[in-house]
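What follows is one structure encoded as C-alpha cells, with my remarks underneath.
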Amino acid sequence: MEKDMCKNDGEAWRVLEFYSGIGGMADVSAQVVEAFDINDKANDVYELNFGHRPYQGNIQNLTAAELDMYGAHAWLLSPPCQPYTRQGLQKQSSDARAFSFLKILELIPHTVKPPHMLFVENVVGFETSDTHAKMIEILANSDYLTQEFILSPLQFGVPYSRPRYFCLVAIIYFVCMHVYLERFSVKVTCIHLPWQAKRKPLSFRCQLLNNQLLRSPSPLLGNDDMTVITKHDQPDDSWDKLLESCDPVERFLEFSNSGDQVNTETGFLSTGTAAVDDFGAAEETVEVDRCVSIDHFLVPLSLIERWGSAMDSKRCCCFTKSYYQYVKGTGSLLATVQPKNKGKASSLKEQHLRYFTPREVANLHSFPGDFQFPHHLSLRQRYALLGNSLSIAVVAPLLQYLFAQAG
Ligand SMILES: C[S@@+](CC[C@H](N)C(=O)[O-])C[C@H]1O[C@@H](n2cnc3c(N)ncnc32)[C@H](O)[C@@H]1O
C-alpha cells in the first residue's frame, strides 16, 4: 500500500482511509495503513488496484482502542453524501447513513493517539447541515483547527463540474507520544497524556484562513496573498467561465477516431434534472470487457425520442452514481457528430449521442492510467462506484497542503 511518501521526521505519514470506496484518496503521498468500507464490490476494485483488501465492516462498530492500534497520523473520511443532497430527504444527522461519521469523530477524545490531521469530503450542502455543526463542535473541543474549501475540478484544468466540500483539520498541538510508547513498550490503556511526551505545534501555512470556508484554490497553489485569494473566491455560478482554461475534453476520451468526432462547442448534453425514470434493463447482458467498440455506448434512439426534451446543451460534463442506470438528471452524454439541422429532436438523433465510458469517467476524475476494474463488475456497478468517488485533481493538492502543515 505504500506510495511515494511525504516525510514526517524521516517517516511516512500513516493514514487511515475511512469510506475508501474505489480508493480515490488512496493515491496520496502517504502510507495508507488501513482502509475501511462496507461495500464488497468497492473493496474488489480497491484490492485490485492497491494490493490490499480494505477492512470490510461497518465503521460505526470501530472502537477507540482499535483505532489507536494503527498509530495513524491522519484520518481521511468521505462519508455517504445522501443525507445532504438536494435530491435526498435532507435528514442530515438523523439519517442513519450519517451515524458512523459522527460516531468516529466522537471517538477522537477517547483515543490515546488522536490523529494530527483529518480530511473530510462531502457534497455541497454538507457545510450548512447539522452534521457539519456537530463536526465543528467536536473538532474545536478536541483542539483542532479547520480550513474549509468548496472546489471543483474545473479550477484545476479539468472540464468536469463536480464542486465538493472539503474540510482540512489540524490539531493545534500533537504529542510525540508514539516514540515514548514504543520505546518503553507501554500498554495503551489510559487517555491521559504522559507528561514526558513532547508537544509540537501544528498550524496551517496561511493562518488567516483558519476556520474559514474558501472557494479558491489559491492557497493550495502556494499563493497566500489574501487579496488574490479574495479575488478568486468566486461564487459557484461563475465556475463555468473556468472552462475556457481547461484541457479539451478530447484529452479524456478513449474513443475519438474520425468517425467519432467531438463537437467541442456543444459537445455535452446534460440529461436534465427532472425525476428519474428507469430505462436500462438491457445493460446487464453486456459483457463489459467486450465493450471494445464505441457502439456499445451509443444512446438508443428510442431513449432520445423519449427523453430528448430533457437534454440540454452543456459545455462541461458531470456524472452521478446513477449514470447509465437512469436517463434523467444523472450525467452528461457526448455528441459525437456535428448536427446538420437546428431542430432539436432531429439534431439530437444526428449527433450520435453516446455515454462516456467508465475509463473516460475515471479520466475525468483524474484517476491514474493504470487504474482498472475487476472483470466481473458490470457497467452499472462501475459507473456507480465512480459516481461515488472523488476527483484526484482536487484531492491531491488539498492533501499536499494539509500534510505540508506539520512537516
Ligand atoms: C462517498 S463514498 C466514498 C468513496 C471513496 N472516497 C472513493 O474514492 O471511491 C462512501 C463509501 O462509504 C461506504 N460506507 C458507507 N457507510 C459505511 C459504513 N457505515 N461503514 C463502512 N463503509 C461505509 C460506501 O460503501 C461507499 O463506498
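If you're wondering about the labels, chains in the C-alpha cells are A, B, ... by order shown, residues count from 1 in each chain, ligands from 1 in order shown.
Near A:Thr111, within a cut-off of 6 Å and counting only C-alpha atoms, sit the residues Ala64, Ile108 and Pro114 of chain A, with same-chain residues fewer than 3 positions away left out.
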Got time to write the residues from that selection, C-alpha atoms, as a PDB file, in the first residue's frame?
ATOM      1  CA  ALA A  64     -11.035   3.972  20.044  1.00  0.00           C
ATOM      2  CA  ILE A 108     -11.341  11.078  18.947  1.00  0.00           C
ATOM      3  CA  PRO A 114      -5.571  11.188  18.319  1.00  0.00           C
TER       4      PRO A 114
END
Q | Contacts with ligand 1 at most 9 Å, only C-alpha atoms and all ligand atoms counted, listed as a PyMOL selection string | A | chain A and resi 17-26+36-43+46+55-61+76-82+96-101+121-123+385-392
Q | Spatial neighbours of A:Glu305, max dist 9 Å, only C-alpha atoms, sep filter under 3 positions, as a list in words | A |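 Here the answer would be Pro300, Leu301, Ser302, Gly308, Ser309, Ala345, Leu348 and Lys349 of chain A.
Around A:Asn141, within 9 Å and counting only C-alpha atoms, the residues found are Pro109, Ile136 and Glu137 of chain A, once anything fewer than 4 positions away on its own chain is removed.
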Please provide the set of residues having any atom within 10 Å of A:Ala384, restricted to only C-alpha atoms, with same-chain residues fewer than 4 positions apart removed, written as a compact mmCIF listing (two decimals) with C-alpha atoms, in the first residue's frame.
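Contents of around.txt, as written:
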# COMPACT_ATOMS: atom_id res chain seq x y z
CA ALA A 42 -15.79 -1.35 -3.96
CA PHE A 319 -21.74 12.33 -13.61
CA THR A 320 -23.73 10.87 -10.74
CA LYS A 321 -23.67 7.34 -9.40
CA SER A 322 -26.89 6.57 -11.34
CA TYR A 323 -25.28 7.35 -14.69
CA TYR A 324 -26.24 4.75 -17.31
CA GLN A 325 -28.88 3.32 -14.99
CA PRO A 358 -16.12 4.14 -17.37
CA SER A 378 -20.94 -4.75 -14.66
CA LEU A 379 -21.07 -1.39 -16.40
CA ARG A 380 -23.67 -0.13 -13.95
CA ASN A 388 -19.42 7.89 -5.54
CA SER A 389 -15.73 8.64 -5.87
Q) By how many Å are atom CA of A:Val249 and atom CA of A:Tyr160 apart? A) 8.9 Å
Q) Using only C-alpha atoms, which residue out of A:Ser216, A:Gln372, A:Ser347, A:Gln381 lies closest to A:Arg359? A) A:Gln372
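For stretch 393-405 of chain A, the set of protein, DNA and RNA residues having any atom at most 7 Å away, when counting only C-alpha atoms and skipping those fewer than 5 positions along the same chain, is Val28, Ser152, Pro153, Phe156, Leu168, Leu202, Ser203, Phe204, Arg205, Leu220 and Ser366 of chain A.
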Expected file: the selected residues, all heavy atoms, as a JSON list (two decimals), in the first residue's frame:
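Saved to part-v4.json:
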[["chain", "number", "residue", "atom", "x", "y", "z"],
["A", 28, "VAL", "N", -2.61, 8.88, -2.29],
["A", 28, "VAL", "CA", -1.98, 10.02, -1.64],
["A", 28, "VAL", "C", -0.50, 9.74, -1.40],
["A", 28, "VAL", "O", -0.07, 8.59, -1.37],
["A", 28, "VAL", "CB", -2.64, 10.34, -0.28],
["A", 28, "VAL", "CG1", -4.07, 10.74, -0.49],
["A", 28, "VAL", "CG2", -2.52, 9.17, 0.67],
["A", 152, "SER", "N", -13.92, 22.67, -7.32],
["A", 152, "SER", "CA", -14.36, 21.82, -8.44],
["A", 152, "SER", "C", -13.15, 21.50, -9.32],
["A", 152, "SER", "O", -12.22, 22.32, -9.42],
["A", 152, "SER", "CB", -15.40, 22.60, -9.25],
["A", 152, "SER", "OG", -15.65, 21.93, -10.47],
["A", 153, "PRO", "N", -13.18, 20.34, -10.00],
["A", 153, "PRO", "CA", -12.08, 20.04, -10.94],
["A", 153, "PRO", "C", -11.89, 21.14, -11.98],
["A", 153, "PRO", "O", -10.79, 21.32, -12.51],
["A", 153, "PRO", "CB", -12.53, 18.73, -11.60],
["A", 153, "PRO", "CG", -13.50, 18.12, -10.65],
["A", 153, "PRO", "CD", -14.16, 19.25, -9.91],
["A", 156, "PHE", "N", -9.01, 23.21, -11.62],
["A", 156, "PHE", "CA", -7.70, 22.55, -11.75],
["A", 156, "PHE", "C", -7.49, 22.08, -13.20],
["A", 156, "PHE", "O", -6.75, 21.13, -13.45],
["A", 156, "PHE", "CB", -7.62, 21.37, -10.77],
["A", 156, "PHE", "CG", -7.67, 21.80, -9.33],
["A", 156, "PHE", "CD1", -8.90, 22.03, -8.71],
["A", 156, "PHE", "CD2", -6.52, 22.05, -8.61],
["A", 156, "PHE", "CE1", -8.97, 22.46, -7.40],
["A", 156, "PHE", "CE2", -6.57, 22.47, -7.29],
["A", 156, "PHE", "CZ", -7.81, 22.69, -6.68],
["A", 168, "LEU", "N", -10.17, 20.58, 5.90],
["A", 168, "LEU", "CA", -8.83, 20.20, 6.33],
["A", 168, "LEU", "C", -8.74, 20.51, 7.82],
["A", 168, "LEU", "O", -9.11, 21.60, 8.25],
["A", 168, "LEU", "CB", -7.77, 20.99, 5.58],
["A", 168, "LEU", "CG", -7.88, 21.06, 4.06],
["A", 168, "LEU", "CD1", -6.65, 21.75, 3.47],
["A", 168, "LEU", "CD2", -8.02, 19.67, 3.47],
["A", 202, "LEU", "N", 1.26, 22.60, 15.60],
["A", 202, "LEU", "CA", 0.91, 22.45, 14.19],
["A", 202, "LEU", "C", 0.15, 23.70, 13.78],
["A", 202, "LEU", "O", -0.59, 24.25, 14.56],
["A", 202, "LEU", "CB", -0.05, 21.29, 13.99],
["A", 202, "LEU", "CG", 0.47, 19.89, 13.79],
["A", 202, "LEU", "CD1", -0.66, 19.01, 13.32],
["A", 202, "LEU", "CD2", 1.57, 19.86, 12.78],
["A", 203, "SER", "N", 0.31, 24.11, 12.54],
["A", 203, "SER", "CA", -0.56, 25.19, 12.07],
["A", 203, "SER", "C", -0.60, 25.16, 10.56],
["A", 203, "SER", "O", 0.30, 24.64, 9.92],
["A", 203, "SER", "CB", -0.06, 26.54, 12.55],
["A", 203, "SER", "OG", 1.15, 26.85, 11.89],
["A", 204, "PHE", "N", -1.65, 25.72, 9.99],
["A", 204, "PHE", "CA", -1.72, 25.82, 8.55],
["A", 204, "PHE", "C", -0.78, 26.92, 8.08],
["A", 204, "PHE", "O", -0.52, 27.88, 8.80],
["A", 204, "PHE", "CB", -3.15, 26.16, 8.12],
["A", 204, "PHE", "CG", -4.09, 25.01, 8.27],
["A", 204, "PHE", "CD1", -5.02, 24.97, 9.30],
["A", 204, "PHE", "CD2", -4.05, 23.96, 7.37],
["A", 204, "PHE", "CE1", -5.89, 23.90, 9.43],
["A", 204, "PHE", "CE2", -4.92, 22.89, 7.49],
["A", 204, "PHE", "CZ", -5.84, 22.86, 8.52],
["A", 205, "ARG", "N", -0.31, 26.77, 6.83],
["A", 205, "ARG", "CA", 0.64, 27.76, 6.32],
["A", 205, "ARG", "C", 0.02, 29.16, 6.32],
["A", 205, "ARG", "O", 0.62, 30.12, 6.75],
["A", 205, "ARG", "CB", 1.08, 27.36, 4.91],
["A", 205, "ARG", "CG", 2.30, 28.11, 4.44],
["A", 205, "ARG", "CD", 2.77, 27.62, 3.09],
["A", 205, "ARG", "NE", 1.75, 27.79, 2.08],
["A", 205, "ARG", "CZ", 1.39, 26.84, 1.21],
["A", 205, "ARG", "NH1", 1.96, 25.67, 1.25],
["A", 205, "ARG", "NH2", 0.45, 27.06, 0.33],
["A", 220, "LEU", "N", -3.62, 26.53, -2.09],
["A", 220, "LEU", "CA", -3.05, 25.21, -2.42],
["A", 220, "LEU", "C", -1.97, 25.34, -3.47],
["A", 220, "LEU", "O", -1.09, 24.50, -3.59],
["A", 220, "LEU", "CB", -4.13, 24.27, -2.96],
["A", 220, "LEU", "CG", -5.45, 24.23, -2.21],
["A", 220, "LEU", "CD1", -6.40, 23.25, -2.88],
["A", 220, "LEU", "CD2", -5.21, 23.83, -0.77],
["A", 366, "SER", "N", -9.51, 12.14, -12.92],
["A", 366, "SER", "CA", -8.04, 12.19, -12.83],
["A", 366, "SER", "C", -7.45, 10.96, -12.16],
["A", 366, "SER", "O", -6.42, 11.04, -11.47],
["A", 366, "SER", "CB", -7.58, 13.47, -12.13],
["A", 366, "SER", "OG", -8.11, 14.60, -12.78]]
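DSSP annotation of stretch 317-396 of chain A from backbone atoms: strand (DSSP E) residues are Ser332, Leu333, Leu334, Arg354 and Tyr355 of chain A.
Between A:Cys317 and the candidates A:Gln207, A:Gln212, A:Ser29, A:Ser161, the tightest atom-to-atom separation, counting only C-alpha atoms, involves A:Ser161.
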Q: Find the residue from A:Gln87, A:Leu221, A:Pro54, A:Leu107 that sits nearest to A:Leu67; use only C-alpha atoms when measuring.
A: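 Counting only C-alpha atoms, the residue closest to A:Leu67 is A:Leu107.
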Q. Do you know which residues are at most 10 Å from A:His132 counting only C-alpha atoms, after dropping those on the same chain fewer than 5 positions away, and could you put them as a list of chain:residue names?
A.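 Here the qualifying residues turn out to be A:Gln92, A:Ser93, A:Leu102, A:Gly125, A:Phe126, A:Glu127, A:Glu137, A:Ile138, A:Cys167.
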Q: Rounded to one decimal place, report the atom CA of A:Trp75-atom CA of A:Leu118 distance in Å.
A: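 Calculated distance between atom CA of A:Trp75 and atom CA of A:Leu118 is 4.8 Å.
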